[in-house]
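Undergrad: The structure follows.
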Amino acid sequence: MIKIAVCGAAGRMGGRIIAAIKETEGVELSGALDRPGHPMVGQDAGYNAGLGAIGVPISDDLNAVVAGCDVLIDFTTPKVSLKNLEVCALHKKSIVIGSTGFTPEERALAAELAREIPAVIAPNMSVGVNVCFKVLADVAKILGEDFDVEIVEAHHKMKKDSPSGTAVRMGEVVANALGRDYNKVANFHREGICGERTHEEIGMQTIRGGDIVGEHTVYFIGMGERVELTHRAHTRDMFSRGSVRAAKWVVTAKPGVWDMQDVLGLK
Ligand SMILES: NC(=O)c1ccc[n+]([C@@H]2O[C@H](COP(=O)([O-])OP(=O)(O)OC[C@H]3O[C@@H](n4cnc5c(N)ncnc54)[C@H](O)[C@@H]3O)[C@@H](O)[C@H]2O)c1
Ligand SMILES: O=C(O)C1=N[C@H](C(=O)O)CCC1
């Protein structure tokens with residue numbers, strides 16, 4: 001039985017991940033964590049998962065929870081995830097990180113911290129989005145330079161980072177396929193007399209409102225036609241099931257940073 005602990009257990013994803021662990025064979029919830037001072041610390045973790053009491057309290061003791069697990073699933077924020085990665089490395093435990101909004105410097109630090117433990121770090125754990133990542137590179141290469149690329153994402157109004165980690169990864173995949181540097185060609189802002197669109201730029205647009213779980217469209221816009229590749233999440237459950245699948249996979253992986261395409265065998 002693989003022992004999984006969940007960090008961010010009082011959050012939107014934390015609750016769904018605990019529910020997914022409960023429905024998955026071969027794994028058990030060994031611990032649940034949230035931030036010191038959170039009102040749900042001390043309460044049973046099953047309540048946020050809609051399960052009633054399951055006998056695992058939400059703790060704020062990171063070291064104790066990590067010591068008692070085989071793998072930590074972490075859906076919090078980049079800064080918290082980096083700390084969790086450091087503590088997992090100290091305890092030689094595996095980690096699955098779903099947090100988004102990492103800066104390039106934070107990504108480099110994560111790779112450094114994961115030199116001796118296996119870590120899955122992925123902005124989107126759904127099968128559908130990871131298949132999109134795979135086909136996007138081919139679509140971009142086939143359509144080539146005659147098509148302008150714009151990416152639009154929509155999420156709930158509580159989301160803290162923008163653009164979404166998924167949209168950033170889509171931009172990186174397209175930019176790489178076209179031989180461009182995402183950090184140079186991503187355009188996050190158009191306002192006023194901002195001039196004609198450049199050939200190389202990838203427009204990144206963000207919508208925030210209500211309870212939208214997550215939607216992403218990559219537009220390839222040519223003269224006279226366009227191709228749109230869209231993914232729509234109906235619930236958070238395919239993210240949470242994906243994270244549990246990643247946890248089962250990562251405990252036997254070699255040290256280093258892996259992503260969901262490694263877990264799904266899409267590379
Ligand atoms: N990779 C994916 O498939 C995927 C899917 C959905 C969301 N996300 C990402 O997951 C993250 C969390 O999303 P959410 O909607 O669950 O957010 P949320 O705000 O509902 O939950 C985050 C939880 O982390 C807790 N937290 C904050 N600081 C902490 C600390 N120091 N120690 C322990 N817990 C701490 C918060 O109290 C909160 O309960 C975001 O970055 C989001 O973009 C990724
Ligand atoms: O709800 C969120 O927050 C989501 N975040 C991920 C992202 O930033 O790409 C995945 C979709 C949901």
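Residues are referred to by chain and number: the chain letter is A, B, ... according to the order shown in the structure tokens, the number counts from 1 in that chain, and ligands are numbered separately from 1 in the order shown.
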Can you pull out every residue with an atom within 6 Å of ligand 1? Use only C-alpha atoms and all ligand atoms and format it as a PDB file with C-alpha atoms, in the first residue's frame.
TA:
```pdb
ATOM      1  CA  CYS A   7      -0.582  19.317   1.137  1.00  0.00           C
ATOM      2  CA  GLY A   8      -3.239  21.982   0.596  1.00  0.00           C
ATOM      3  CA  ALA A   9      -5.759  19.551   2.106  1.00  0.00           C
ATOM      4  CA  ALA A  10      -8.219  22.330   2.984  1.00  0.00           C
ATOM      5  CA  GLY A  11      -8.186  23.720  -0.571  1.00  0.00           C
ATOM      6  CA  ARG A  12     -10.347  23.154  -3.665  1.00  0.00           C
ATOM      7  CA  MET A  13      -7.944  20.579  -5.137  1.00  0.00           C
ATOM      8  CA  GLY A  14      -6.918  19.100  -1.771  1.00  0.00           C
ATOM      9  CA  LEU A  33      -1.451  19.278   5.645  1.00  0.00           C
ATOM     10  CA  ASP A  34      -2.496  22.869   5.432  1.00  0.00           C
ATOM     11  CA  ARG A  35      -0.974  26.179   6.537  1.00  0.00           C
ATOM     12  CA  PHE A  75      -1.394  21.671  -4.654  1.00  0.00           C
ATOM     13  CA  THR A  76      -0.625  24.992  -2.958  1.00  0.00           C
ATOM     14  CA  THR A  77       1.572  27.823  -4.292  1.00  0.00           C
ATOM     15  CA  VAL A  80       5.100  26.451  -0.492  1.00  0.00           C
ATOM     16  CA  GLY A  98       0.441  20.558  -9.160  1.00  0.00           C
ATOM     17  CA  SER A  99       0.928  24.182  -8.080  1.00  0.00           C
ATOM     18  CA  THR A 100       1.222  26.692 -10.926  1.00  0.00           C
ATOM     19  CA  ALA A 122       2.997  19.352 -13.953  1.00  0.00           C
ATOM     20  CA  PRO A 123       0.703  22.348 -14.527  1.00  0.00           C
ATOM     21  CA  ASN A 124      -2.134  20.073 -15.578  1.00  0.00           C
ATOM     22  CA  MET A 125      -2.754  16.459 -14.532  1.00  0.00           C
ATOM     23  CA  PHE A 239      -6.843  16.677 -12.155  1.00  0.00           C
TER      24      PHE A 239
END
```
Undergrad: In stretch 40-219 of chain A, what's alpha helix (DSSP H) per DSSP? Answer as a PyMOL selection string?
TA: chain A and resi 62-67+78-91+104-113+127-143+165-177+182-185
Undergrad: Under the rule of at most 8 Å, produce a per-residue listing of chain A near ligand 2: chain, number, name, the closest pair of atoms, and the distance in Å, as a Markdown table, using only C-alpha atoms and all ligand atoms.
TA:
```
| residue | atom | partner | partner_atom_place_in_ligand_line | distance |
| --- | --- | --- | --- | --- |
| A:Met13 | CA | ligand 2 | 1 (O) | 7.9 |
| A:Gly98 | CA | ligand 2 | 6 (C) | 7.6 |
| A:Ser99 | CA | ligand 2 | 6 (C) | 7.4 |
| A:Thr100 | CA | ligand 2 | 8 (O) | 5.2 |
| A:Gly101 | CA | ligand 2 | 8 (O) | 7.1 |
| A:Pro123 | CA | ligand 2 | 9 (O) | 5.1 |
| A:Asn124 | CA | ligand 2 | 10 (C) | 4.9 |
| A:Met125 | CA | ligand 2 | 10 (C) | 7.7 |
| A:His155 | CA | ligand 2 | 1 (O) | 6.4 |
| A:His156 | CA | ligand 2 | 1 (O) | 6.7 |
| A:Met158 | CA | ligand 2 | 3 (O) | 7.9 |
| A:Lys159 | CA | ligand 2 | 3 (O) | 5.0 |
| A:Lys160 | CA | ligand 2 | 3 (O) | 7.2 |
| A:Asp161 | CA | ligand 2 | 8 (O) | 6.9 |
| A:Ser162 | CA | ligand 2 | 8 (O) | 7.5 |
| A:Pro163 | CA | ligand 2 | 8 (O) | 7.1 |
| A:Ser164 | CA | ligand 2 | 8 (O) | 3.5 |
| A:Gly165 | CA | ligand 2 | 9 (O) | 3.8 |
| A:Thr166 | CA | ligand 2 | 9 (O) | 3.6 |
| A:Ala167 | CA | ligand 2 | 9 (O) | 6.3 |
| A:Val168 | CA | ligand 2 | 9 (O) | 7.9 |
| A:Val213 | CA | ligand 2 | 1 (O) | 5.8 |
| A:Gly214 | CA | ligand 2 | 11 (C) | 5.0 |
| A:Glu215 | CA | ligand 2 | 11 (C) | 7.7 |
| A:Ala233 | CA | ligand 2 | 11 (C) | 7.8 |
| A:Arg236 | CA | ligand 2 | 12 (C) | 7.5 |
| A:Phe239 | CA | ligand 2 | 10 (C) | 7.7 |
```
Undergrad: For those residues, write C-alpha atoms to a file as a PDB file, in the first residue's frame.
TA:
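Final output, selection23.pdb:
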```pdb
ATOM      1  CA  MET A  13      -7.944  20.579  -5.137  1.00  0.00           C
ATOM      2  CA  GLY A  98       0.441  20.558  -9.160  1.00  0.00           C
ATOM      3  CA  SER A  99       0.928  24.182  -8.080  1.00  0.00           C
ATOM      4  CA  THR A 100       1.222  26.692 -10.926  1.00  0.00           C
ATOM      5  CA  GLY A 101       2.713  30.168 -11.302  1.00  0.00           C
ATOM      6  CA  PRO A 123       0.703  22.348 -14.527  1.00  0.00           C
ATOM      7  CA  ASN A 124      -2.134  20.073 -15.578  1.00  0.00           C
ATOM      8  CA  MET A 125      -2.754  16.459 -14.532  1.00  0.00           C
ATOM      9  CA  HIS A 155     -10.721  30.126 -14.948  1.00  0.00           C
ATOM     10  CA  HIS A 156     -12.710  30.773 -11.772  1.00  0.00           C
ATOM     11  CA  MET A 158     -10.474  32.684  -7.054  1.00  0.00           C
ATOM     12  CA  LYS A 159      -7.475  31.725  -9.219  1.00  0.00           C
ATOM     13  CA  LYS A 160      -4.341  33.597  -8.141  1.00  0.00           C
ATOM     14  CA  ASP A 161      -1.890  33.136 -11.032  1.00  0.00           C
ATOM     15  CA  SER A 162      -2.173  34.365 -14.613  1.00  0.00           C
ATOM     16  CA  PRO A 163      -1.848  33.118 -17.262  1.00  0.00           C
ATOM     17  CA  SER A 164      -2.587  29.591 -16.102  1.00  0.00           C
ATOM     18  CA  GLY A 165       0.277  27.123 -15.887  1.00  0.00           C
ATOM     19  CA  THR A 166      -1.428  25.120 -18.637  1.00  0.00           C
ATOM     20  CA  ALA A 167      -1.578  28.138 -20.978  1.00  0.00           C
ATOM     21  CA  VAL A 168       2.091  28.867 -20.323  1.00  0.00           C
ATOM     22  CA  VAL A 213     -13.050  25.047 -13.696  1.00  0.00           C
ATOM     23  CA  GLY A 214     -10.621  25.619 -16.568  1.00  0.00           C
ATOM     24  CA  GLU A 215     -10.765  26.182 -20.335  1.00  0.00           C
ATOM     25  CA  ALA A 233     -12.532  20.802 -17.794  1.00  0.00           C
ATOM     26  CA  ARG A 236     -11.571  19.016 -10.903  1.00  0.00           C
ATOM     27  CA  PHE A 239      -6.843  16.677 -12.155  1.00  0.00           C
TER      28      PHE A 239
END
```
Undergrad: Which parts of stretch 48-204 of chain A does DSSP call strand (DSSP E or B) when run on the backbone here, written out as an mmCIF file with N, CA and C atoms, in the first residue's frame?
TA:
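Final output, saved to states.cif:
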```cif
data_model
loop_
_atom_site.group_PDB
_atom_site.id
_atom_site.type_symbol
_atom_site.label_atom_id
_atom_site.label_comp_id
_atom_site.auth_asym_id
_atom_site.auth_seq_id
_atom_site.Cartn_x
_atom_site.Cartn_y
_atom_site.Cartn_z
ATOM 1 N N PRO A 57 -6.589 13.702 10.599
ATOM 2 C CA PRO A 57 -6.761 15.137 10.839
ATOM 3 C C PRO A 57 -5.871 15.980 9.923
ATOM 4 N N ILE A 58 -6.311 17.197 9.624
ATOM 5 C CA ILE A 58 -5.449 18.130 8.886
ATOM 6 C C ILE A 58 -4.438 18.700 9.874
ATOM 7 N N SER A 59 -3.158 18.526 9.532
ATOM 8 C CA SER A 59 -2.053 18.938 10.403
ATOM 9 C C SER A 59 -1.355 20.159 9.801
ATOM 10 N N VAL A 71 4.906 9.415 -0.467
ATOM 11 C CA VAL A 71 4.856 10.462 -1.500
ATOM 12 C C VAL A 71 3.893 11.557 -1.042
ATOM 13 N N LEU A 72 4.311 12.796 -1.296
ATOM 14 C CA LEU A 72 3.481 13.959 -0.955
ATOM 15 C C LEU A 72 2.861 14.506 -2.234
ATOM 16 N N ILE A 73 1.545 14.702 -2.236
ATOM 17 C CA ILE A 73 0.886 15.415 -3.344
ATOM 18 C C ILE A 73 0.620 16.833 -2.864
ATOM 19 N N ASP A 74 1.114 17.811 -3.628
ATOM 20 C CA ASP A 74 1.112 19.197 -3.171
ATOM 21 C C ASP A 74 0.427 20.105 -4.195
ATOM 22 N N SER A 94 9.208 10.919 -2.289
ATOM 23 C CA SER A 94 8.824 11.418 -3.610
ATOM 24 C C SER A 94 7.775 12.522 -3.457
ATOM 25 N N ILE A 95 7.613 13.298 -4.544
ATOM 26 C CA ILE A 95 6.631 14.383 -4.480
ATOM 27 C C ILE A 95 5.954 14.569 -5.844
ATOM 28 N N VAL A 96 4.683 14.943 -5.794
ATOM 29 C CA VAL A 96 3.917 15.329 -6.988
ATOM 30 C C VAL A 96 3.446 16.751 -6.751
ATOM 31 N N ILE A 97 3.845 17.665 -7.629
ATOM 32 C CA ILE A 97 3.493 19.077 -7.451
ATOM 33 C C ILE A 97 2.564 19.525 -8.578
ATOM 34 N N PRO A 118 12.651 11.621 -6.824
ATOM 35 C CA PRO A 118 11.801 11.796 -8.005
ATOM 36 C C PRO A 118 10.655 12.762 -7.718
ATOM 37 N N ALA A 119 10.434 13.683 -8.658
ATOM 38 C CA ALA A 119 9.372 14.679 -8.505
ATOM 39 C C ALA A 119 8.609 14.794 -9.818
ATOM 40 N N VAL A 120 7.285 14.664 -9.751
ATOM 41 C CA VAL A 120 6.452 15.007 -10.911
ATOM 42 C C VAL A 120 5.968 16.433 -10.681
ATOM 43 N N ILE A 121 6.285 17.313 -11.610
ATOM 44 C CA ILE A 121 5.830 18.704 -11.516
ATOM 45 C C ILE A 121 5.091 19.000 -12.818
ATOM 46 N N ASP A 148 -0.943 32.726 -37.310
ATOM 47 C CA ASP A 148 -0.654 33.450 -36.069
ATOM 48 C C ASP A 148 -1.207 32.642 -34.899
ATOM 49 N N VAL A 149 -0.484 32.643 -33.779
ATOM 50 C CA VAL A 149 -0.918 31.835 -32.623
ATOM 51 C C VAL A 149 -1.353 32.746 -31.477
ATOM 52 N N GLU A 150 -2.552 32.476 -30.984
ATOM 53 C CA GLU A 150 -3.095 33.187 -29.819
ATOM 54 C C GLU A 150 -3.624 32.129 -28.849
ATOM 55 N N ILE A 151 -3.416 32.328 -27.553
ATOM 56 C CA ILE A 151 -3.889 31.373 -26.548
ATOM 57 C C ILE A 151 -4.816 32.104 -25.577
ATOM 58 N N VAL A 152 -6.006 31.543 -25.381
ATOM 59 C CA VAL A 152 -6.976 32.155 -24.469
ATOM 60 C C VAL A 152 -7.336 31.137 -23.394
ATOM 61 N N GLU A 153 -7.259 31.542 -22.146
ATOM 62 C CA GLU A 153 -7.656 30.640 -21.050
ATOM 63 C C GLU A 153 -8.674 31.310 -20.142
ATOM 64 N N ALA A 154 -9.572 30.499 -19.565
ATOM 65 C CA ALA A 154 -10.602 31.015 -18.656
ATOM 66 C C ALA A 154 -10.648 30.158 -17.403
ATOM 67 N N HIS A 155 -10.664 30.819 -16.238
ATOM 68 C CA HIS A 155 -10.721 30.126 -14.948
ATOM 69 C C HIS A 155 -11.608 30.884 -13.973
ATOM 70 N N ALA A 186 6.060 35.741 -26.046
ATOM 71 C CA ALA A 186 4.740 35.812 -25.393
ATOM 72 C C ALA A 186 4.335 37.277 -25.218
ATOM 73 N N ASN A 187 3.117 37.610 -25.635
ATOM 74 C CA ASN A 187 2.607 38.984 -25.498
ATOM 75 C C ASN A 187 1.366 38.940 -24.612
ATOM 76 N N ILE A 202 3.174 35.329 -29.620
ATOM 77 C CA ILE A 202 2.096 34.426 -29.203
ATOM 78 C C ILE A 202 1.291 35.203 -28.178
ATOM 79 N N GLY A 203 0.056 35.570 -28.550
ATOM 80 C CA GLY A 203 -0.792 36.345 -27.643
ATOM 81 C C GLY A 203 -1.314 35.458 -26.526
ATOM 82 N N MET A 204 -1.247 35.967 -25.287
ATOM 83 C CA MET A 204 -1.692 35.196 -24.114
ATOM 84 C C MET A 204 -2.814 35.989 -23.435
#
```
Undergrad: Using only C-alpha atoms, which protein or nucleic acid residues come within 6 Å of A:Ala137? Drop anything in the same chain fewer than 5 positions from it, and give the result as a list of chain:residue names.
TA: A:Val173, A:Val174, A:Ala177
Undergrad: Using only C-alpha atoms, please write the residues we just selected to a file, as an mmCIF file, in the first residue's frame.
TA:
```
data_model
loop_
_atom_site.group_PDB
_atom_site.id
_atom_site.type_symbol
_atom_site.label_atom_id
_atom_site.label_comp_id
_atom_site.auth_asym_id
_atom_site.auth_seq_id
_atom_site.Cartn_x
_atom_site.Cartn_y
_atom_site.Cartn_z
ATOM 1 C CA VAL A 173 5.172 23.836 -26.677
ATOM 2 C CA VAL A 174 4.125 25.961 -29.664
ATOM 3 C CA ALA A 177 7.901 23.666 -32.185
#
```
Undergrad: Between A:Val41, A:Val139, A:Leu264, A:Ala64, which is the closest to A:Tyr219 once you count only C-alpha atoms?
TA: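 Answer, going by the shortest atom-to-atom distance: A:Val139.
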Undergrad: Here is a test: counting only C-alpha atoms, which residue of A:Met40, A:Val263, A:Phe102, A:Gln205 is nearest to A:Ser243?
TA: A:Val263
Undergrad: In Å, rounded to a single decimal, give me how far atom CA of A:Asn84 is from atom CA of A:Glu116.
TA: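 Separation of atom CA of A:Glu116 and atom CA of A:Asn84: 14.1 Å.
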Undergrad: Work out how far apart atom CA of A:His216 and atom CA of A:Leu85 are and give it in Å to one decimal.
TA: 28.4 Å
Undergrad: Nearest to A:Glu28: which of A:Lys184, A:Arg232, A:Arg16, A:Lys3 is it, counting only C-alpha atoms?
TA: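 Counting only C-alpha atoms, the residue closest to A:Glu28 is A:Lys3.
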Undergrad: Would you mind reading off the distance between atom CA of A:Ala140 and atom CA of A:Thr103, one decimal, in Å?
TA: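 Atom-to-atom, atom CA of A:Ala140 and atom CA of A:Thr103 are spaced 24.9 Å apart.
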Undergrad: My list of candidates is A:Glu191, A:Glu196, A:Glu201, A:Glu106. Which is closest to A:Glu145 when distances are computed with only C-alpha atoms?
TA: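 Using only C-alpha atoms, the shortest distance to A:Glu145 belongs to A:Glu201.
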